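Asks: Before I ask anything, let me first share the structure, which is written out below as structure tokens.
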Amino acid sequence: MATITAADVNKLRTITGAGMMDCKKALVEADGDFDLAIENLRKKGQKVAANRSDRESTEGAAIAVVSADKTTGVVITLNCETDFVGKNEGFVKLATELANQALNYATKEEFLASDFHGITVAEKLIEQTGVIGEKIEVASFQRLSGAFVGSYIHAGNKIATLVALSSNVAGGEEAARNVAMQAAAMNPIALDEAGVDASIIEKEIEIAKDQLRQEGKPEAMLDNIAKGKIQRFYKDNTLVNQDYIKDGSMSVSAYVNSVDAGLTVTGFSRVALG
């Protein structure tokens, strides 16, 4: 039987992130064979993952990162089952490391299949499921590109947002962060009117008409009044038309334009836990 040293255990722990006792047990069972010990730890993760496949993982960490040239950003959520794990420093560090890797991939599928310290991201998630004992998954993955991209992560890593601006200008970084903060707080359903699904508008018009009928308004007036209500809907629910949270006297669009004439918001992404 191989002699298992503390250095061996620590080495395996560094490679896998598993607990000291789990690493020691895996090395003992593998008679000191590192590859077999790692395989055993992954099998443990697969077993735990299978047992917890029906559990909800609605806690975790929402992370936004932006490329060095500020033209691409990604937001992900690394989900777990409990708030205790989600707030763990090591868990948030892993989520941030994964988000930085996600910057290099166009889709969630490519990202999950990519190499992460010798194993795929998907395998790492299974491994961490075994280590932590909770269902761990990347539930959200959104990518945004633009002339200038800024980010915001709400306190506690519960919401993360990205905002793209039409050009890289002086004051653009602060503006992008402020608008990203707006998106986090106000949860718009679209960037502007064009981004709202037609079925949503049809539904809102019908709701407005029903309310007007109940108020006794004449049928001939319903269309015009409903259109006014739809404009209000756009103002409340589309990012660029919302009142700017730091100055309610102007819209988000007007705020961005005040930073630099002609500057516009070209896109946003928002992910949230729960």
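Note on naming: chains are A, B, ... as they come in the structure tokens, residues start from 1 per chain, ligands start from 1 in the order shown.
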Considering only strand (DSSP E or B) as DSSP defines it on the backbone, what residues of region 165-251 of chain A qualify? List them as a PyMOL selection string.
Replies: chain A and resi 165+190+238+243-244+247-251
Asks: Would you save the residues from that selection as a compact mmCIF listing (two decimals), in the first residue's frame, using N, CA, C and O atoms?
Replies:
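Saved to part_26.txt:
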# COMPACT_ATOMS: atom_id res chain seq x y z
N LEU A 165 -22.89 50.60 -25.28
CA LEU A 165 -23.10 51.96 -25.79
C LEU A 165 -22.62 52.05 -27.24
O LEU A 165 -21.81 51.23 -27.69
N ALA A 190 -37.25 44.99 -22.39
CA ALA A 190 -36.61 45.18 -23.69
C ALA A 190 -35.83 46.48 -23.69
O ALA A 190 -36.01 47.33 -22.81
N THR A 238 -39.37 49.62 -20.99
CA THR A 238 -38.23 49.53 -21.91
C THR A 238 -37.11 50.43 -21.39
O THR A 238 -37.36 51.57 -20.98
N ASP A 243 -37.71 56.36 -16.79
CA ASP A 243 -37.14 57.49 -16.07
C ASP A 243 -35.81 57.06 -15.48
O ASP A 243 -35.70 55.98 -14.89
N TYR A 244 -34.80 57.89 -15.67
CA TYR A 244 -33.47 57.59 -15.13
C TYR A 244 -33.53 57.62 -13.60
O TYR A 244 -33.97 58.61 -13.02
N ASP A 247 -32.03 60.58 -11.78
CA ASP A 247 -32.60 61.90 -12.09
C ASP A 247 -33.91 61.68 -12.84
O ASP A 247 -33.92 61.52 -14.06
N GLY A 248 -35.02 61.66 -12.11
CA GLY A 248 -36.31 61.36 -12.69
C GLY A 248 -36.83 62.38 -13.68
O GLY A 248 -37.86 62.16 -14.32
N SER A 249 -36.11 63.49 -13.85
CA SER A 249 -36.56 64.51 -14.79
C SER A 249 -36.20 64.16 -16.23
O SER A 249 -36.62 64.85 -17.17
N MET A 250 -35.41 63.10 -16.43
CA MET A 250 -35.02 62.71 -17.78
C MET A 250 -35.12 61.20 -17.95
O MET A 250 -35.09 60.44 -16.97
N SER A 251 -35.23 60.77 -19.18
CA SER A 251 -35.23 59.34 -19.49
C SER A 251 -33.79 58.82 -19.53
O SER A 251 -32.83 59.61 -19.55
Asks: For Gln182 (chain A), work out the shell of residues within 10 Å, counting only C-alpha atoms and skipping chain neighbours fewer than 6 positions away, then give it as a PyMOL selection string.
Replies: chain A and resi 152+161+163+176+188+239-240+242-246+252
Asks: Would you kindly return, as a PyMOL selection string, each protein, DNA or RNA residue with an atom no farther than 12 Å from any atom of Phe91 (chain A), considering only C-alpha atoms and excluding same-chain residues fewer than 2 positions away?
Replies: chain A and resi 17+59-63+77-80+82-89+93-98+125+128-129+131-132+134+136-137+157
Asks: Restricted to N, CA, C and O atoms, what would the selected residues look like written as a compact mmCIF listing (two decimals), in the first residue's frame?
Replies:
# COMPACT_ATOMS: atom_id res chain seq x y z
N GLY A 17 -10.22 20.87 -5.79
CA GLY A 17 -11.04 21.72 -4.94
C GLY A 17 -11.83 20.94 -3.91
O GLY A 17 -12.61 21.50 -3.14
N GLU A 59 -30.19 29.49 -5.72
CA GLU A 59 -29.23 30.39 -5.08
C GLU A 59 -27.94 30.37 -5.88
O GLU A 59 -27.83 29.67 -6.88
N GLY A 60 -26.95 31.15 -5.43
CA GLY A 60 -25.67 31.12 -6.13
C GLY A 60 -25.07 32.50 -6.30
O GLY A 60 -25.24 33.38 -5.45
N ALA A 61 -24.40 32.70 -7.43
CA ALA A 61 -23.73 33.97 -7.70
C ALA A 61 -23.94 34.38 -9.15
O ALA A 61 -23.74 33.58 -10.07
N ALA A 62 -24.38 35.63 -9.34
CA ALA A 62 -24.51 36.22 -10.68
C ALA A 62 -23.29 37.10 -10.91
O ALA A 62 -23.00 37.97 -10.11
N ILE A 63 -22.59 36.84 -12.01
CA ILE A 63 -21.32 37.53 -12.27
C ILE A 63 -21.32 38.14 -13.67
O ILE A 63 -21.75 37.50 -14.64
N THR A 77 -24.85 32.96 -14.29
CA THR A 77 -25.17 32.62 -12.91
C THR A 77 -24.62 31.23 -12.66
O THR A 77 -24.87 30.31 -13.45
N LEU A 78 -23.85 31.11 -11.59
CA LEU A 78 -23.43 29.79 -11.11
C LEU A 78 -24.38 29.48 -9.96
O LEU A 78 -24.34 30.13 -8.92
N ASN A 79 -25.25 28.51 -10.18
CA ASN A 79 -26.33 28.25 -9.23
C ASN A 79 -26.01 27.10 -8.28
O ASN A 79 -25.33 26.14 -8.66
N CYS A 80 -26.52 27.22 -7.07
CA CYS A 80 -26.44 26.17 -6.06
C CYS A 80 -27.79 26.11 -5.34
O CYS A 80 -28.73 26.79 -5.75
N THR A 82 -28.33 26.47 -1.77
CA THR A 82 -28.50 27.25 -0.54
C THR A 82 -27.75 28.57 -0.59
O THR A 82 -26.70 28.69 -1.23
N ASP A 83 -28.29 29.55 0.11
CA ASP A 83 -27.67 30.87 0.19
C ASP A 83 -26.32 30.78 0.89
O ASP A 83 -25.40 31.54 0.57
N PHE A 84 -26.19 29.85 1.82
CA PHE A 84 -24.93 29.68 2.55
C PHE A 84 -23.78 29.37 1.59
O PHE A 84 -22.71 29.97 1.67
N VAL A 85 -24.02 28.45 0.67
CA VAL A 85 -22.99 28.10 -0.31
C VAL A 85 -22.79 29.25 -1.29
O VAL A 85 -21.66 29.60 -1.65
N GLY A 86 -23.89 29.88 -1.72
CA GLY A 86 -23.81 30.97 -2.70
C GLY A 86 -22.97 32.14 -2.23
O GLY A 86 -22.38 32.84 -3.04
N LYS A 87 -22.95 32.37 -0.92
CA LYS A 87 -22.17 33.48 -0.37
C LYS A 87 -20.73 33.10 -0.03
O LYS A 87 -19.93 33.96 0.33
N ASN A 88 -20.42 31.81 -0.14
CA ASN A 88 -19.08 31.34 0.20
C ASN A 88 -18.03 31.97 -0.72
O ASN A 88 -18.21 32.03 -1.94
N GLU A 89 -16.95 32.43 -0.14
CA GLU A 89 -15.91 33.13 -0.90
C GLU A 89 -15.34 32.26 -2.01
O GLU A 89 -15.11 32.73 -3.13
N LYS A 93 -15.53 32.98 -6.00
CA LYS A 93 -14.26 33.00 -6.75
C LYS A 93 -14.34 32.07 -7.96
O LYS A 93 -13.91 32.43 -9.06
N LEU A 94 -14.90 30.87 -7.76
CA LEU A 94 -15.08 29.93 -8.87
C LEU A 94 -16.01 30.52 -9.93
O LEU A 94 -15.73 30.44 -11.13
N ALA A 95 -17.10 31.13 -9.50
CA ALA A 95 -18.05 31.74 -10.44
C ALA A 95 -17.38 32.82 -11.27
O ALA A 95 -17.61 32.92 -12.49
N THR A 96 -16.54 33.62 -10.64
CA THR A 96 -15.83 34.69 -11.34
C THR A 96 -14.83 34.13 -12.33
O THR A 96 -14.70 34.62 -13.47
N GLU A 97 -14.12 33.08 -11.92
CA GLU A 97 -13.16 32.43 -12.81
C GLU A 97 -13.87 31.84 -14.03
O GLU A 97 -13.40 31.96 -15.17
N LEU A 98 -15.01 31.22 -13.79
CA LEU A 98 -15.79 30.64 -14.89
C LEU A 98 -16.31 31.74 -15.82
O LEU A 98 -16.30 31.58 -17.05
N LEU A 125 -18.28 21.24 -12.92
CA LEU A 125 -19.53 21.44 -12.20
C LEU A 125 -19.97 20.16 -11.49
O LEU A 125 -20.45 20.20 -10.34
N GLN A 128 -17.68 19.69 -8.51
CA GLN A 128 -18.03 20.57 -7.40
C GLN A 128 -19.35 20.16 -6.74
O GLN A 128 -19.56 20.38 -5.55
N THR A 129 -20.24 19.55 -7.50
CA THR A 129 -21.47 19.00 -6.92
C THR A 129 -21.12 17.94 -5.88
O THR A 129 -21.71 17.89 -4.80
N VAL A 131 -18.16 17.74 -4.32
CA VAL A 131 -17.41 18.40 -3.24
C VAL A 131 -18.36 19.10 -2.27
O VAL A 131 -18.24 18.95 -1.05
N ILE A 132 -19.31 19.85 -2.81
CA ILE A 132 -20.17 20.68 -1.98
C ILE A 132 -21.39 19.92 -1.46
O ILE A 132 -21.91 20.20 -0.38
N GLU A 134 -24.24 19.84 -3.16
CA GLU A 134 -25.42 20.52 -3.67
C GLU A 134 -25.37 20.50 -5.19
O GLU A 134 -24.30 20.41 -5.79
N ILE A 136 -24.93 21.92 -8.54
CA ILE A 136 -24.23 23.09 -9.04
C ILE A 136 -24.39 23.14 -10.56
O ILE A 136 -24.14 22.14 -11.24
N GLU A 137 -24.81 24.27 -11.10
CA GLU A 137 -24.98 24.39 -12.54
C GLU A 137 -24.84 25.84 -12.99
O GLU A 137 -25.07 26.77 -12.21
N ASN A 157 -24.20 39.62 -5.18
CA ASN A 157 -24.10 38.81 -6.40
C ASN A 157 -25.42 38.14 -6.79
O ASN A 157 -25.43 37.02 -7.30
Asks: Name the residues of region 18-219 of chain A that come out as helix (DSSP H, G or I) in a backbone DSSP run; write them as a VMD selection string.
Replies: chain A and resid 20 to 29 34 to 51 83 to 86 89 to 102 108 to 113 121 to 132 172 to 186 193 to 195 198 to 214 219
Asks: What's around region 192-209 of chain A at 8 Å? Count only C-alpha atoms, leave out sequence neighbours fewer than 6 positions away in its own chain, and write the answer as a list in words.
Replies: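 These residues fall inside the cut-off: Leu222, Asp223, Ala226, Lys227, Lys229, Ile230, Tyr234, Thr238, Leu239, Val240 and Asn241 of chain A.
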Asks: Given the selection you just returned, output its residues as a file containing N, CA and C atoms, formatted as a PDB file, in the first residue's frame.
Replies:
ATOM      1  N   LEU A 222     -61.889  53.670 -27.427  1.00  0.00           N
ATOM      2  CA  LEU A 222     -60.985  52.693 -26.791  1.00  0.00           C
ATOM      3  C   LEU A 222     -59.617  52.609 -27.453  1.00  0.00           C
ATOM      4  N   ASP A 223     -59.584  52.587 -28.794  1.00  0.00           N
ATOM      5  CA  ASP A 223     -58.300  52.425 -29.496  1.00  0.00           C
ATOM      6  C   ASP A 223     -57.332  53.550 -29.169  1.00  0.00           C
ATOM      7  N   ALA A 226     -56.244  53.401 -25.507  1.00  0.00           N
ATOM      8  CA  ALA A 226     -55.369  52.238 -25.312  1.00  0.00           C
ATOM      9  C   ALA A 226     -53.963  52.519 -25.836  1.00  0.00           C
ATOM     10  N   LYS A 227     -53.878  53.234 -26.963  1.00  0.00           N
ATOM     11  CA  LYS A 227     -52.556  53.585 -27.506  1.00  0.00           C
ATOM     12  C   LYS A 227     -51.766  54.437 -26.516  1.00  0.00           C
ATOM     13  N   LYS A 229     -52.068  54.297 -23.307  1.00  0.00           N
ATOM     14  CA  LYS A 229     -51.637  53.399 -22.233  1.00  0.00           C
ATOM     15  C   LYS A 229     -50.424  52.564 -22.658  1.00  0.00           C
ATOM     16  N   ILE A 230     -50.386  52.219 -23.944  1.00  0.00           N
ATOM     17  CA  ILE A 230     -49.235  51.460 -24.454  1.00  0.00           C
ATOM     18  C   ILE A 230     -47.971  52.304 -24.397  1.00  0.00           C
ATOM     19  N   TYR A 234     -44.495  51.321 -22.536  1.00  0.00           N
ATOM     20  CA  TYR A 234     -43.131  51.434 -23.054  1.00  0.00           C
ATOM     21  C   TYR A 234     -42.253  52.229 -22.090  1.00  0.00           C
ATOM     22  N   THR A 238     -39.371  49.617 -20.986  1.00  0.00           N
ATOM     23  CA  THR A 238     -38.231  49.535 -21.912  1.00  0.00           C
ATOM     24  C   THR A 238     -37.109  50.433 -21.393  1.00  0.00           C
ATOM     25  N   LEU A 239     -35.908  49.916 -21.430  1.00  0.00           N
ATOM     26  CA  LEU A 239     -34.775  50.545 -20.751  1.00  0.00           C
ATOM     27  C   LEU A 239     -34.567  52.006 -21.140  1.00  0.00           C
ATOM     28  N   VAL A 240     -34.482  52.297 -22.428  1.00  0.00           N
ATOM     29  CA  VAL A 240     -34.120  53.665 -22.827  1.00  0.00           C
ATOM     30  C   VAL A 240     -35.239  54.672 -22.561  1.00  0.00           C
ATOM     31  N   ASN A 241     -36.477  54.175 -22.413  1.00  0.00           N
ATOM     32  CA  ASN A 241     -37.614  55.073 -22.179  1.00  0.00           C
ATOM     33  C   ASN A 241     -37.944  55.251 -20.704  1.00  0.00           C
TER      34      ASN A 241
END
Asks: Need the shell around Phe111 (chain A): protein/DNA/RNA residues with any atom at most 12 Å away, counting only C-alpha atoms. Skip same-chain ones fewer than 2 positions apart. Format as an NGL selection string?
Replies: :A and (74 or 76 or 98-109 or 113-116 or 120-124 or 138 or 140-143)
Asks: What gap, in Å, lies between CA of Ala175 (chain A) and CA of Gly150 (chain A)?
Replies: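 CA of Gly150 (chain A) lies 8.4 Å from CA of Ala175 (chain A).
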Asks: Report as a PDB file with C-alpha atoms, in the first residue's frame all protein, DNA and RNA residues lying within 10 Å of Ser166 (chain A), evaluated on only C-alpha atoms, omitting residues in the same chain fewer than 5 positions from it.
Replies:
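The resulting file, out23.pdb, is shown below:
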ATOM      1  CA  GLY A 146     -20.767  46.685 -28.683  1.00  0.00           C
ATOM      2  CA  ALA A 147     -18.565  49.705 -29.264  1.00  0.00           C
ATOM      3  CA  PHE A 148     -18.296  50.017 -25.472  1.00  0.00           C
ATOM      4  CA  VAL A 149     -19.579  47.535 -22.885  1.00  0.00           C
ATOM      5  CA  GLY A 172     -18.779  56.377 -21.157  1.00  0.00           C
ATOM      6  CA  GLY A 262     -25.556  61.282 -30.095  1.00  0.00           C
ATOM      7  CA  LEU A 263     -24.512  58.565 -27.626  1.00  0.00           C
ATOM      8  CA  THR A 264     -27.095  55.763 -27.381  1.00  0.00           C
ATOM      9  CA  VAL A 265     -27.647  52.470 -25.583  1.00  0.00           C
ATOM     10  CA  THR A 266     -27.407  49.671 -28.150  1.00  0.00           C
ATOM     11  CA  GLY A 267     -28.054  46.645 -25.951  1.00  0.00           C
TER      12      GLY A 267
END
Asks: One decimal, Å: what's the distance from CA of His154 (chain A) over to CA of Lys235 (chain A), could you say?
Replies: 23.3 Å
Asks: Suppose you want the space between CA of Ile38 (chain A) and CA of Lys11 (chain A); what is it in Å?
Replies: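 CA of Lys11 (chain A) lies 11.1 Å from CA of Ile38 (chain A).
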